[in-house]
$ cat data.cif   # mmCIF, C-alpha atoms
data_coords
#
loop_
_atom_site.label_atom_id
_atom_site.label_comp_id
_atom_site.auth_asym_id
_atom_site.auth_seq_id
_atom_site.Cartn_x
_atom_site.Cartn_y
_atom_site.Cartn_z
CA MET O 1 -24.47 111.92 -88.99
CA TYR O 2 -21.73 113.94 -90.74
CA LYS O 3 -19.35 113.36 -93.65
CA ALA O 4 -15.72 114.31 -94.04
CA CYS O 5 -13.56 114.24 -97.14
CA ARG O 6 -10.14 112.65 -97.32
CA VAL O 7 -7.88 112.83 -100.38
CA VAL O 8 -5.41 110.00 -100.95
CA ASP O 9 -3.43 109.73 -104.16
CA ASP O 10 -5.75 112.20 -105.88
CA THR O 11 -8.76 110.07 -104.84
CA THR O 12 -11.50 111.55 -102.63
CA TYR O 13 -13.02 109.34 -99.91
CA LEU O 14 -16.14 110.15 -97.90
CA ILE O 15 -15.88 109.20 -94.23
CA LYS O 16 -19.02 109.03 -92.10
CA TYR O 17 -18.89 109.74 -88.39
CA ASN O 18 -21.35 110.51 -85.63
CA LEU O 19 -20.61 113.32 -83.18
CA GLN O 20 -22.68 111.57 -80.50
CA PHE O 21 -19.76 109.18 -79.96
CA PHE O 22 -17.78 112.12 -78.61
CA ALA O 23 -20.41 113.07 -76.00
CA GLU O 24 -19.92 112.04 -72.38
CA ASP O 25 -23.53 110.96 -72.09
CA ALA O 26 -26.99 111.92 -73.26
CA ASN O 27 -26.96 115.09 -71.19
CA GLY O 28 -23.48 116.09 -72.28
CA ALA O 29 -21.96 115.51 -68.86
CA GLU O 30 -21.20 112.64 -66.55
CA LYS O 31 -23.04 112.39 -63.24
CA THR O 32 -20.16 112.36 -60.79
CA GLU O 33 -21.46 114.61 -57.98
CA GLU O 34 -23.29 113.51 -54.84
CA PRO O 35 -26.94 114.67 -54.73
CA THR O 36 -27.53 117.89 -52.84
CA ALA O 37 -29.96 118.20 -49.95
CA LYS O 38 -32.28 120.25 -52.15
CA LYS O 39 -32.45 117.59 -54.86
CA LEU O 40 -33.15 114.87 -52.30
CA ASP O 41 -35.85 117.03 -50.73
CA ASP O 42 -37.43 117.73 -54.14
CA ALA O 43 -37.36 114.01 -54.96
CA ARG O 44 -39.02 113.26 -51.61
CA LYS O 45 -41.81 115.74 -52.40
CA GLU O 46 -42.37 113.89 -55.69
CA GLY O 47 -42.65 110.61 -53.80
CA GLN O 48 -39.27 109.30 -54.96
CA VAL O 49 -37.64 107.48 -52.04
CA ALA O 50 -35.23 104.58 -51.59
CA LYS O 51 -37.52 101.90 -50.25
CA SER O 52 -38.58 98.35 -51.05
CA GLN O 53 -42.22 97.30 -51.15
CA GLU O 54 -41.06 93.76 -50.50
CA ILE O 55 -39.96 94.71 -46.98
CA ALA O 56 -43.52 95.60 -45.98
CA THR O 57 -44.87 92.40 -47.55
CA ALA O 58 -42.23 90.24 -45.84
CA PHE O 59 -42.79 91.75 -42.39
CA THR O 60 -46.58 91.54 -42.78
CA LEU O 61 -46.43 87.87 -43.77
CA LEU O 62 -44.08 87.04 -40.93
CA ALA O 63 -46.18 88.93 -38.38
CA LEU O 64 -49.49 87.43 -39.50
CA PHE O 65 -48.22 83.86 -39.41
CA LEU O 66 -46.65 84.44 -36.01
CA ILE O 67 -49.96 85.81 -34.74
CA LEU O 68 -51.75 82.82 -36.18
CA ARG O 69 -49.22 80.53 -34.50
CA PHE O 70 -50.21 81.86 -31.06
CA GLY O 71 -53.79 82.93 -31.80
CA TYR O 72 -55.31 80.44 -34.19
CA THR O 73 -56.77 78.44 -31.25
CA PHE O 74 -58.61 81.56 -30.08
CA MET O 75 -59.89 82.29 -33.58
CA GLY O 76 -60.87 78.69 -34.25
CA THR O 77 -62.76 78.37 -30.98
CA ASN O 78 -64.72 81.57 -31.57
CA PHE O 79 -65.48 80.77 -35.20
CA ARG O 80 -66.73 77.33 -34.15
CA SER O 81 -68.94 78.85 -31.46
CA VAL O 82 -70.48 81.20 -34.02
CA PHE O 83 -71.14 78.29 -36.36
CA GLU O 84 -72.64 76.17 -33.55
CA ARG O 85 -74.88 79.01 -32.41
CA VAL O 86 -76.26 79.49 -35.92
CA TYR O 87 -76.56 75.79 -36.63
CA ASN O 88 -78.26 74.95 -33.32
CA SER O 89 -80.82 77.71 -33.70
CA ILE O 90 -82.08 76.43 -37.06
CA PRO O 91 -84.24 73.54 -35.68
CA ASN O 92 -85.97 75.78 -33.15
CA VAL O 93 -86.80 78.40 -35.75
CA ALA O 94 -87.96 75.74 -38.19
CA ARG O 95 -90.35 74.23 -35.61
CA THR O 96 -91.75 77.65 -34.79
CA TYR O 97 -92.55 78.45 -38.42
CA ASP O 98 -93.70 74.97 -39.53
CA GLY O 99 -90.42 73.94 -41.14
CA MET O 100 -89.83 77.31 -42.82
CA LEU O 101 -86.96 79.74 -42.18
CA PRO O 102 -88.08 83.38 -42.40
CA VAL O 103 -86.02 85.59 -44.66
CA ASN O 104 -85.71 88.30 -42.02
CA TRP O 105 -84.32 85.77 -39.54
CA ILE O 106 -81.79 84.43 -42.05
CA SER O 107 -80.68 87.98 -42.87
CA SER O 108 -80.40 88.91 -39.20
CA ILE O 109 -78.46 85.86 -38.05
CA LEU O 110 -76.08 85.95 -41.05
CA THR O 111 -75.40 89.66 -40.42
CA ASN O 112 -74.65 88.99 -36.75
CA ALA O 113 -72.40 86.05 -37.62
CA ILE O 114 -70.41 88.05 -40.19
CA LEU O 115 -69.99 90.99 -37.80
CA THR O 116 -68.86 88.67 -35.03
CA MET O 117 -66.25 87.01 -37.29
CA LEU O 118 -65.03 90.40 -38.45
CA LEU O 119 -64.59 91.51 -34.84
CA ILE O 120 -62.67 88.32 -34.08
CA SER O 121 -60.40 88.87 -37.11
CA ALA O 122 -60.07 92.66 -36.71
CA PRO O 123 -57.07 92.61 -34.31
CA PHE O 124 -55.08 90.49 -36.75
CA PHE O 125 -55.80 92.79 -39.71
CA ILE O 126 -55.04 95.89 -37.63
CA ILE O 127 -51.72 94.43 -36.47
CA GLY O 128 -50.87 93.52 -40.08
CA PHE O 129 -51.65 97.07 -41.23
CA LEU O 130 -49.57 98.62 -38.44
CA ILE O 131 -46.60 96.38 -39.22
CA ALA O 132 -46.79 97.26 -42.94
CA PHE O 133 -46.99 100.97 -42.04
CA LEU O 134 -44.09 100.78 -39.60
CA SER O 135 -41.92 98.87 -42.07
CA ASP O 136 -42.31 101.74 -44.55
CA LEU O 137 -41.73 104.28 -41.79
CA VAL O 138 -38.47 102.60 -40.79
CA GLN O 139 -37.19 102.77 -44.37
CA VAL O 140 -38.12 106.43 -44.93
CA SER O 141 -39.10 109.06 -42.37
CA TRP O 142 -42.67 110.30 -42.15
CA LYS O 143 -43.31 112.95 -44.77
CA PRO O 144 -46.56 112.35 -46.70
CA THR O 145 -47.05 113.88 -50.15
CA THR O 146 -49.95 113.90 -52.62
CA LYS O 147 -47.92 114.72 -55.74
CA PRO O 148 -47.69 111.10 -56.96
CA LEU O 149 -51.52 111.00 -56.89
CA GLN O 150 -51.92 114.09 -59.06
CA PRO O 151 -53.02 113.32 -62.65
CA LYS O 152 -50.39 113.87 -65.33
CA LEU O 153 -51.04 113.85 -69.09
CA SER O 154 -47.55 112.39 -69.64
CA LYS O 155 -48.78 109.16 -68.04
CA LEU O 156 -51.24 108.75 -70.93
CA ASN O 157 -48.49 108.91 -73.54
CA PRO O 158 -48.38 105.45 -75.21
CA ILE O 159 -44.75 105.90 -76.29
CA SER O 160 -43.65 106.62 -72.72
CA GLY O 161 -45.72 103.65 -71.57
CA MET O 162 -43.98 101.32 -74.03
CA LYS O 163 -40.59 102.58 -72.88
CA LYS O 164 -41.51 101.81 -69.25
CA ILE O 165 -42.64 98.30 -70.19
CA PHE O 166 -39.24 97.47 -71.67
CA SER O 167 -37.19 99.49 -69.20
CA ALA O 168 -34.42 98.09 -67.00
CA ARG O 169 -36.64 98.56 -63.94
CA LYS O 170 -39.38 96.38 -65.42
CA LEU O 171 -36.85 93.72 -66.35
CA PHE O 172 -35.55 93.74 -62.79
CA ASP O 173 -39.10 93.47 -61.43
CA LEU O 174 -39.74 90.54 -63.77
CA GLY O 175 -36.56 88.82 -62.58
CA LYS O 176 -37.54 89.50 -58.97
CA SER O 177 -40.99 87.96 -59.52
CA ILE O 178 -39.44 84.86 -61.10
CA LEU O 179 -37.00 84.60 -58.18
CA LYS O 180 -39.82 84.88 -55.64
CA LEU O 181 -41.83 82.21 -57.43
CA ALA O 182 -38.80 79.92 -57.61
CA VAL O 183 -37.87 80.40 -53.95
CA ILE O 184 -41.44 79.86 -52.73
CA SER O 185 -41.75 76.74 -54.91
CA VAL O 186 -38.54 75.34 -53.45
CA VAL O 187 -39.72 76.09 -49.90
CA ILE O 188 -43.08 74.40 -50.50
CA TYR O 189 -41.48 71.37 -52.13
CA THR O 190 -38.90 70.85 -49.37
CA PHE O 191 -41.56 71.39 -46.69
CA PHE O 192 -43.97 68.72 -47.96
CA THR O 193 -41.30 66.25 -49.05
CA GLY O 194 -41.07 64.69 -45.59
CA ARG O 195 -44.73 65.20 -44.62
CA THR O 196 -46.65 63.31 -47.28
CA GLU O 197 -47.59 60.58 -44.80
CA SER O 198 -49.23 63.15 -42.51
CA LEU O 199 -51.39 64.38 -45.38
CA PHE O 200 -52.67 60.86 -46.10
CA LEU O 201 -53.61 60.42 -42.44
CA LEU O 202 -56.11 63.28 -42.72
CA TYR O 203 -58.71 60.88 -44.16
CA ASP O 204 -58.73 58.79 -40.96
CA MET O 205 -58.73 61.69 -38.46
CA PRO O 206 -61.72 63.32 -36.77
CA LEU O 207 -62.66 66.70 -38.24
CA LYS O 208 -61.38 68.73 -35.29
CA GLN O 209 -58.03 66.92 -35.24
CA ALA O 210 -57.67 67.18 -39.04
CA ILE O 211 -58.35 70.93 -38.95
CA GLY O 212 -55.73 71.31 -36.21
CA LEU O 213 -53.15 69.39 -38.23
CA MET O 214 -53.85 71.40 -41.37
CA GLY O 215 -53.61 74.61 -39.38
CA ASN O 216 -50.19 73.64 -38.01
CA LEU O 217 -48.95 72.67 -41.46
CA ILE O 218 -50.15 75.89 -43.06
CA ILE O 219 -48.70 78.09 -40.33
CA SER O 220 -45.33 76.28 -40.37
CA LEU O 221 -45.19 76.58 -44.17
CA GLY O 222 -46.21 80.23 -43.99
CA LEU O 223 -43.41 81.05 -41.55
CA ARG O 224 -40.85 79.40 -43.84
CA ILE O 225 -42.17 81.31 -46.85
CA ALA O 226 -42.10 84.58 -44.86
CA ALA O 227 -38.48 83.95 -43.83
CA ALA O 228 -37.44 83.21 -47.42
CA TYR O 229 -39.37 86.27 -48.59
CA MET O 230 -37.51 88.37 -46.02
CA VAL O 231 -34.18 87.43 -47.62
CA ILE O 232 -35.51 88.53 -51.03
CA ALA O 233 -36.82 91.77 -49.50
CA ILE O 234 -33.43 92.63 -47.97
CA ILE O 235 -31.70 92.05 -51.32
CA ASP O 236 -34.32 94.23 -53.01
CA LEU O 237 -33.86 96.99 -50.40
CA ILE O 238 -30.09 97.05 -51.02
CA TYR O 239 -30.69 97.25 -54.76
CA GLN O 240 -33.33 100.01 -54.44
CA ARG O 241 -31.06 102.16 -52.28
CA ARG O 242 -28.11 101.80 -54.65
CA LYS O 243 -30.30 102.53 -57.66
CA PHE O 244 -31.85 105.55 -55.97
CA LYS O 245 -28.42 106.94 -55.12
CA LYS O 246 -27.26 106.41 -58.70
CA ASP O 247 -30.39 108.08 -60.09
CA MET O 248 -29.94 111.06 -57.78
CA MET O 249 -26.31 111.68 -58.79
CA MET O 250 -25.78 115.07 -60.43
CA THR O 251 -23.53 116.58 -63.05
CA LYS O 252 -21.27 119.49 -62.19
CA LYS O 253 -23.50 121.72 -64.30
CA GLU O 254 -26.61 120.67 -62.37
CA VAL O 255 -24.89 121.47 -59.07
CA LYS O 256 -23.79 124.84 -60.41
CA ASP O 257 -27.27 125.64 -61.77
CA GLU O 258 -28.88 124.65 -58.48
CA PHE O 259 -26.48 126.89 -56.58
CA LYS O 260 -27.34 129.75 -58.93
CA ASN O 261 -31.07 129.23 -58.41
CA SER O 262 -30.85 128.96 -54.63
CA GLU O 263 -28.07 131.40 -53.80
CA GLY O 264 -28.15 133.63 -56.86
CA ASP O 265 -25.83 133.84 -59.84
CA PRO O 266 -22.31 134.76 -58.55
CA GLN O 267 -21.79 137.01 -61.56
CA VAL O 268 -25.06 138.87 -60.90
CA LYS O 269 -24.25 139.16 -57.20
CA GLY O 270 -20.78 140.42 -58.06
CA ALA O 271 -22.20 143.03 -60.42
CA GLN O 272 -24.66 144.18 -57.75
CA LYS O 273 -21.86 144.43 -55.21
CA ARG O 274 -19.76 146.47 -57.64
CA ARG O 275 -22.67 148.85 -58.28
CA MET O 276 -23.19 149.28 -54.54
CA MET O 277 -19.50 150.00 -54.02
CA GLU O 278 -19.51 152.52 -56.86
CA ALA O 279 -22.56 154.29 -55.43
CA SER O 280 -20.95 154.34 -51.97
CA ARG O 281 -17.74 155.71 -53.49
CA ARG O 282 -19.63 158.50 -55.27
CA ARG O 283 -21.34 159.50 -52.03
CA MET O 284 -17.97 159.42 -50.28
CA MET O 285 -16.38 161.69 -52.87
CA GLN O 286 -19.33 164.09 -52.71
CA ALA O 287 -18.88 164.42 -48.94
CA LEU O 288 -15.10 164.83 -49.19
CA PRO O 289 -15.09 168.65 -49.82
CA GLN O 290 -16.76 169.16 -46.40
CA ALA O 291 -13.89 167.38 -44.60
CA ASP O 292 -11.57 169.28 -42.24
CA VAL O 293 -8.45 167.27 -42.96
CA VAL O 294 -7.12 164.28 -44.94
CA ILE O 295 -4.62 162.18 -43.00
CA THR O 296 -2.24 160.21 -45.26
CA ASN O 297 0.36 157.43 -45.10
CA PRO O 298 1.46 159.36 -47.39
CA THR O 299 1.27 157.12 -50.50
CA HIS O 300 -0.83 154.07 -49.54
CA TYR O 301 -3.66 155.36 -47.34
CA ALA O 302 -5.79 158.47 -47.09
CA VAL O 303 -8.53 159.10 -44.50
CA ALA O 304 -10.71 162.23 -44.51
CA ILE O 305 -11.93 163.52 -41.13
CA LYS O 306 -14.74 165.95 -40.37
CA TYR O 307 -15.65 167.35 -36.98
CA ASP O 308 -18.80 169.31 -36.20
CA ALA O 309 -19.59 169.61 -32.51
CA ASN O 310 -23.26 170.38 -33.35
CA GLU O 311 -23.72 167.12 -35.28
CA ALA O 312 -21.60 164.56 -33.39
CA ASP O 313 -19.63 164.18 -30.16
CA ALA O 314 -16.52 163.01 -32.01
CA PRO O 315 -14.85 163.44 -35.41
CA VAL O 316 -16.36 161.36 -38.26
CA VAL O 317 -14.56 159.53 -41.08
CA VAL O 318 -16.21 160.84 -44.27
CA ALA O 319 -13.91 159.10 -46.76
CA LYS O 320 -11.05 156.64 -46.88
CA GLY O 321 -9.11 154.75 -49.54
CA ALA O 322 -5.94 152.88 -50.38
CA ASP O 323 -3.47 153.22 -53.27
CA TYR O 324 -5.32 154.60 -56.34
CA LEU O 325 -8.35 155.69 -54.31
CA ALA O 326 -6.06 157.36 -51.77
CA GLN O 327 -4.49 159.40 -54.58
CA LYS O 328 -7.97 160.34 -55.82
CA ILE O 329 -8.97 161.50 -52.33
CA LYS O 330 -5.89 163.67 -52.10
CA GLU O 331 -6.56 165.19 -55.52
CA ILE O 332 -10.13 166.12 -54.59
CA ALA O 333 -8.89 167.45 -51.23
CA LYS O 334 -6.39 169.74 -53.02
CA ASP O 335 -9.04 170.94 -55.45
CA ASN O 336 -11.34 171.85 -52.55
CA ASP O 337 -8.65 173.35 -50.29
CA VAL O 338 -8.87 170.57 -47.70
CA GLU O 339 -5.69 170.33 -45.66
CA ILE O 340 -3.58 167.16 -46.13
CA VAL O 341 -1.54 166.02 -43.14
CA GLU O 342 0.95 163.13 -43.20
CA ASN O 343 0.74 160.83 -40.16
CA LYS O 344 1.60 157.25 -41.08
CA PRO O 345 0.61 155.44 -37.83
CA LEU O 346 -2.66 157.37 -37.47
CA ALA O 347 -3.61 156.91 -41.13
CA ARG O 348 -3.09 153.13 -40.88
CA MET O 349 -5.03 152.91 -37.61
CA LEU O 350 -7.99 154.90 -38.95
CA TYR O 351 -8.08 152.99 -42.25
CA ALA O 352 -8.01 149.59 -40.56
CA ASN O 353 -10.42 150.25 -37.69
CA VAL O 354 -12.96 152.91 -38.70
CA GLU O 355 -15.48 152.61 -41.55
CA VAL O 356 -16.84 155.52 -43.56
CA GLY O 357 -19.58 157.27 -41.57
CA GLU O 358 -18.35 155.99 -38.19
CA LEU O 359 -17.08 158.09 -35.28
CA VAL O 360 -13.42 158.02 -34.37
CA PRO O 361 -12.97 155.62 -31.40
CA PRO O 362 -12.01 157.11 -28.02
CA GLU O 363 -8.51 155.60 -28.09
CA LEU O 364 -7.71 157.75 -31.14
CA TYR O 365 -9.28 160.99 -29.82
CA LYS O 366 -5.98 162.49 -28.72
CA ALA O 367 -4.10 161.79 -31.96
CA VAL O 368 -6.96 163.10 -34.13
CA ALA O 369 -7.46 166.11 -31.89
CA GLU O 370 -3.79 167.08 -32.31
CA VAL O 371 -4.13 166.91 -36.11
CA LEU O 372 -7.34 168.95 -36.08
CA ALA O 373 -5.77 171.52 -33.76
CA TYR O 374 -2.85 171.83 -36.16
CA VAL O 375 -5.19 172.30 -39.14
CA TYR O 376 -7.37 174.82 -37.32
CA HIS O 377 -4.24 176.75 -36.38
CA LEU O 378 -3.10 176.83 -40.02
CA LYS O 379 -6.48 178.13 -41.14
CA GLY O 380 -6.73 180.61 -38.28
CA LYS O 381 -9.78 178.99 -36.71
CA VAL O 382 -8.16 178.99 -33.25
#
$ encode --input "data.cif" --output "C-alpha cells"
Amino acid sequence: MYKACRVVDDTTYLIKYNLQFFAEDANGAEKTEEPTAKKLDDARKEGQVAKSQEIATAFTLLALFLILRFGYTFMGTNFRSVFERVYNSIPNVARTYDGMLPVNWISSILTNAILTMLLISAPFFIIGFLIAFLSDLVQVSWKPTTKPLQPKLSKLNPISGMKKIFSARKLFDLGKSILKLAVISVVIYTFFTGRTESLFLLYDMPLKQAIGLMGNLIISLGLRIAAAYMVIAIIDLIYQRRKFKKDMMMTKKEVKDEFKNSEGDPQVKGAQKRRMMEASRRRMMQALPQADVVITNPTHYAVAIKYDANEADAPVVVAKGADYLAQKIKEIAKDNDVEIVENKPLARMLYANVEVGELVPPELYKAVAEVLAYVYHLKGKV
C-alpha cells in the first residue's frame, strides 16, 4: 500500500492506492499462449494429465452389471453347488466323529469353498480391472511415471493443505459428489416407484425364485445407475480437459524463457557467432599477405586468390569481403605489395560462389588463370 499527496486550495490530502491493481495477474503477465510440447511433456512426467476418474468408474460399473446380466446364472449355480457340497457333507462327518466336527476338517472345507468361489468370481474381477485400465488408456496414452508417488515435504505443509481444502477444485469435487448422489437417488426412486408390488411378493415366493427376482432387480437398477453415471463422467471429462488446457496456458515470458533454456539465449548465441566471425576474419587477414592477387568489383567486392601448385590443384580463395571489408582487404593488399586487379564479373562470381578456404571451381579456371598470368607477367614470374 502506498500514499500520494494532493494539494487542493492549500489543503493537503493523503490518497491511498495499491499498485497490485495495476498488475495483469499474480505473475505479472496474462497467460495467453498455447502450452508448448515441452511443458505438456514435463506435466505428463509429473503425472498431470487431462483425464476423469469418473470415466473408469462408469465403464467398470457398466461392464460389471452387463457381465452379471449374462453370467449371474452361471455364478449362482456354482455358488449353490459349493454350498450344497459343504452342507451335505456335514451329516456324514458328524456321524463319523460322534456328532463332532473336527477343526481341521472345518478349516479344510472352508478353505476349499472360499478358493472355489474366488475362482468363480475371478473372471469378473479381471474383466473389471481390464476395463478400468483401458478406460484410462483411452483418455491418455501409456506413459507410466513414479514422480507422483515420490514423497514431498511440501505435502506436509498445513497451510498448503488448508488452501487445497478450500480450493476451487475441491468445491467442484464437492458439487460433483452432490450431483452424483442426487442423480443416483433419482434413478433409484424412479426405478422402484412402479415395482413396489414385486417387492411385496417376495414373501410368498420360493427361495430360488425370490433370489432370481432380486438378482434381476439389482442388475436392472445397476445398469440404470451406470448409464446415469456415464453421463456425469462425460461432463467431468469435458471439464477436466478444459481445466487442464487452461492450467497449461503460458505467458509470453514463460515461452521466451523456455526457448532460451532449450535452444539457448539468442543474445548469447549472437555474441558467440560474432566472436567466431571476428576470429575467422582475423585469420583471413593474416593469410591475406600470402595471396597472389586481389580481384575487385572495384568498390563493392574484393576476393584474394592464392595459387601454389605444390599445395593444391587449383587456386584457393584466402580472403573475401564486401563494402567496408573489401576496402580493408585492398588496404592490406597494398601494404603487402599484393597486386589488385579489377574484374567486376569475376569478382562477383567468386564472392557469391566460393567460400574462404575453398578451391576455385572448374568453370572459373580460365578466368582466374588469365588474371594470375597477368599478375605473374607484371611481377616477372613468367
$ residues_around --input "data.cif" --residues "stretch 301-308 of chain O" --least-positions-apart "2" --cutoff "6 Å" --atoms "all atoms listed in the file" --output "list of chain:residue names"
O:Ala291, O:Asp292, O:Val293, O:Val294, O:Ile295, O:Thr296, O:Asn297, O:Asn310, O:Glu311, O:Pro315, O:Val316, O:Val317, O:Val318, O:Ala319, O:Lys320, O:Gly321, O:Ala322, O:Ala326
$ residues_around --input "data.cif" --residues "O:Lys176" --least-positions-apart "4" --cutoff "10 Å" --atoms "only C-alpha atoms" --output "PyMOL selection string"
chain O and resi 170-172+180-182+232-233+235-236
$ residues_around --input "data.cif" --residues "stretch 205-214 of chain O" --least-positions-apart "5" --cutoff "10 Å" --atoms "all atoms listed in the file" --output "ChimeraX atom specification"
/O:72-73,76,198-200,219-220
$ residues_near_point --input "data.cif" --point "(-21.0, 112.4, -61.7)" --cutoff "7 Å" --atoms "all atoms listed in the file" --output "short mmCIF file (atom, residue, chain, number, x, y, z; two decimals) with C-alpha atoms, keeping the file's coordinate frame"
data_model
loop_
_atom_site.label_atom_id
_atom_site.label_comp_id
_atom_site.auth_asym_id
_atom_site.auth_seq_id
_atom_site.Cartn_x
_atom_site.Cartn_y
_atom_site.Cartn_z
CA GLU O 30 -21.20 112.64 -66.55
CA LYS O 31 -23.04 112.39 -63.24
CA THR O 32 -20.16 112.36 -60.79
CA GLU O 33 -21.46 114.61 -57.98
CA MET O 249 -26.31 111.68 -58.79
CA MET O 250 -25.78 115.07 -60.43
CA THR O 251 -23.53 116.58 -63.05
#
$ residues_around --input "data.cif" --residues "O:Phe59" --least-positions-apart "6" --cutoff "10 Å" --atoms "all atoms listed in the file" --output "count of residues only"
10
$ atom_distance --input "data.cif" --atom1 "atom CA of O:Leu237" --atom2 "atom CA of O:Arg224"
20.0 Å
$ closest_residue --input "data.cif" --among "O:Leu223, O:Lys256, O:Asn88, O:Thr36" --to "O:Leu68" --atoms "only C-alpha atoms"
O:Leu223
$ residues_around --input "data.cif" --residues "O:Arg85" --least-positions-apart "4" --cutoff "12 Å" --atoms "all atoms listed in the file" --output "compact mmCIF listing (two decimals) with C-alpha atoms, in the frame of the given file"
# COMPACT_ATOMS: atom_id res chain seq x y z
CA ASN O 78 -64.72 81.57 -31.57
CA PHE O 79 -65.48 80.77 -35.20
CA ARG O 80 -66.73 77.33 -34.15
CA SER O 81 -68.94 78.85 -31.46
CA SER O 89 -80.82 77.71 -33.70
CA ILE O 90 -82.08 76.43 -37.06
CA PRO O 91 -84.24 73.54 -35.68
CA ASN O 92 -85.97 75.78 -33.15
CA ILE O 109 -78.46 85.86 -38.05
CA LEU O 110 -76.08 85.95 -41.05
CA ASN O 112 -74.65 88.99 -36.75
CA ALA O 113 -72.40 86.05 -37.62
CA THR O 116 -68.86 88.67 -35.03
$ atom_distance --input "data.cif" --atom1 "atom CA of O:Val186" --atom2 "atom CA of O:Gly222"
13.1 Å
$ closest_residue --input "data.cif" --among "O:Met248, O:Ala309, O:Leu372, O:Ile120" --to "O:Ala43" --atoms "all atoms listed in the file"
O:Met248
$ atom_distance --input "data.cif" --atom1 "atom CA of O:Ala279" --atom2 "atom CA of O:Glu358"
17.8 Å
$ closest_residue --input "data.cif" --among "O:Val338, O:Ala347, O:Leu118, O:Ile184" --to "O:Ile225" --atoms "only C-alpha atoms"
O:Ile184
$ closest_residue --input "data.cif" --among "O:Asp41, O:Glu370, O:Glu363, O:Glu278" --to "O:Leu325" --atoms "all atoms listed in the file"
O:Glu278
$ closest_residue --input "data.cif" --among "O:Val368, O:Val354, O:Leu174, O:Met284" --to "O:Lys328" --atoms "only C-alpha atoms"
O:Met284
$ closest_residue --input "data.cif" --among "O:Asp247, O:Glu84, O:Glu34, O:Asp98" --to "O:Ala50" --atoms "only C-alpha atoms"
O:Asp247
$ resolve_selection --input "data.cif" --expression "the PyMOL selection byres ((chain O and resi 60) around 10)" --output "VMD selection string"
chain O and resid 54 to 59 61 to 66 125 127 to 133 135 226
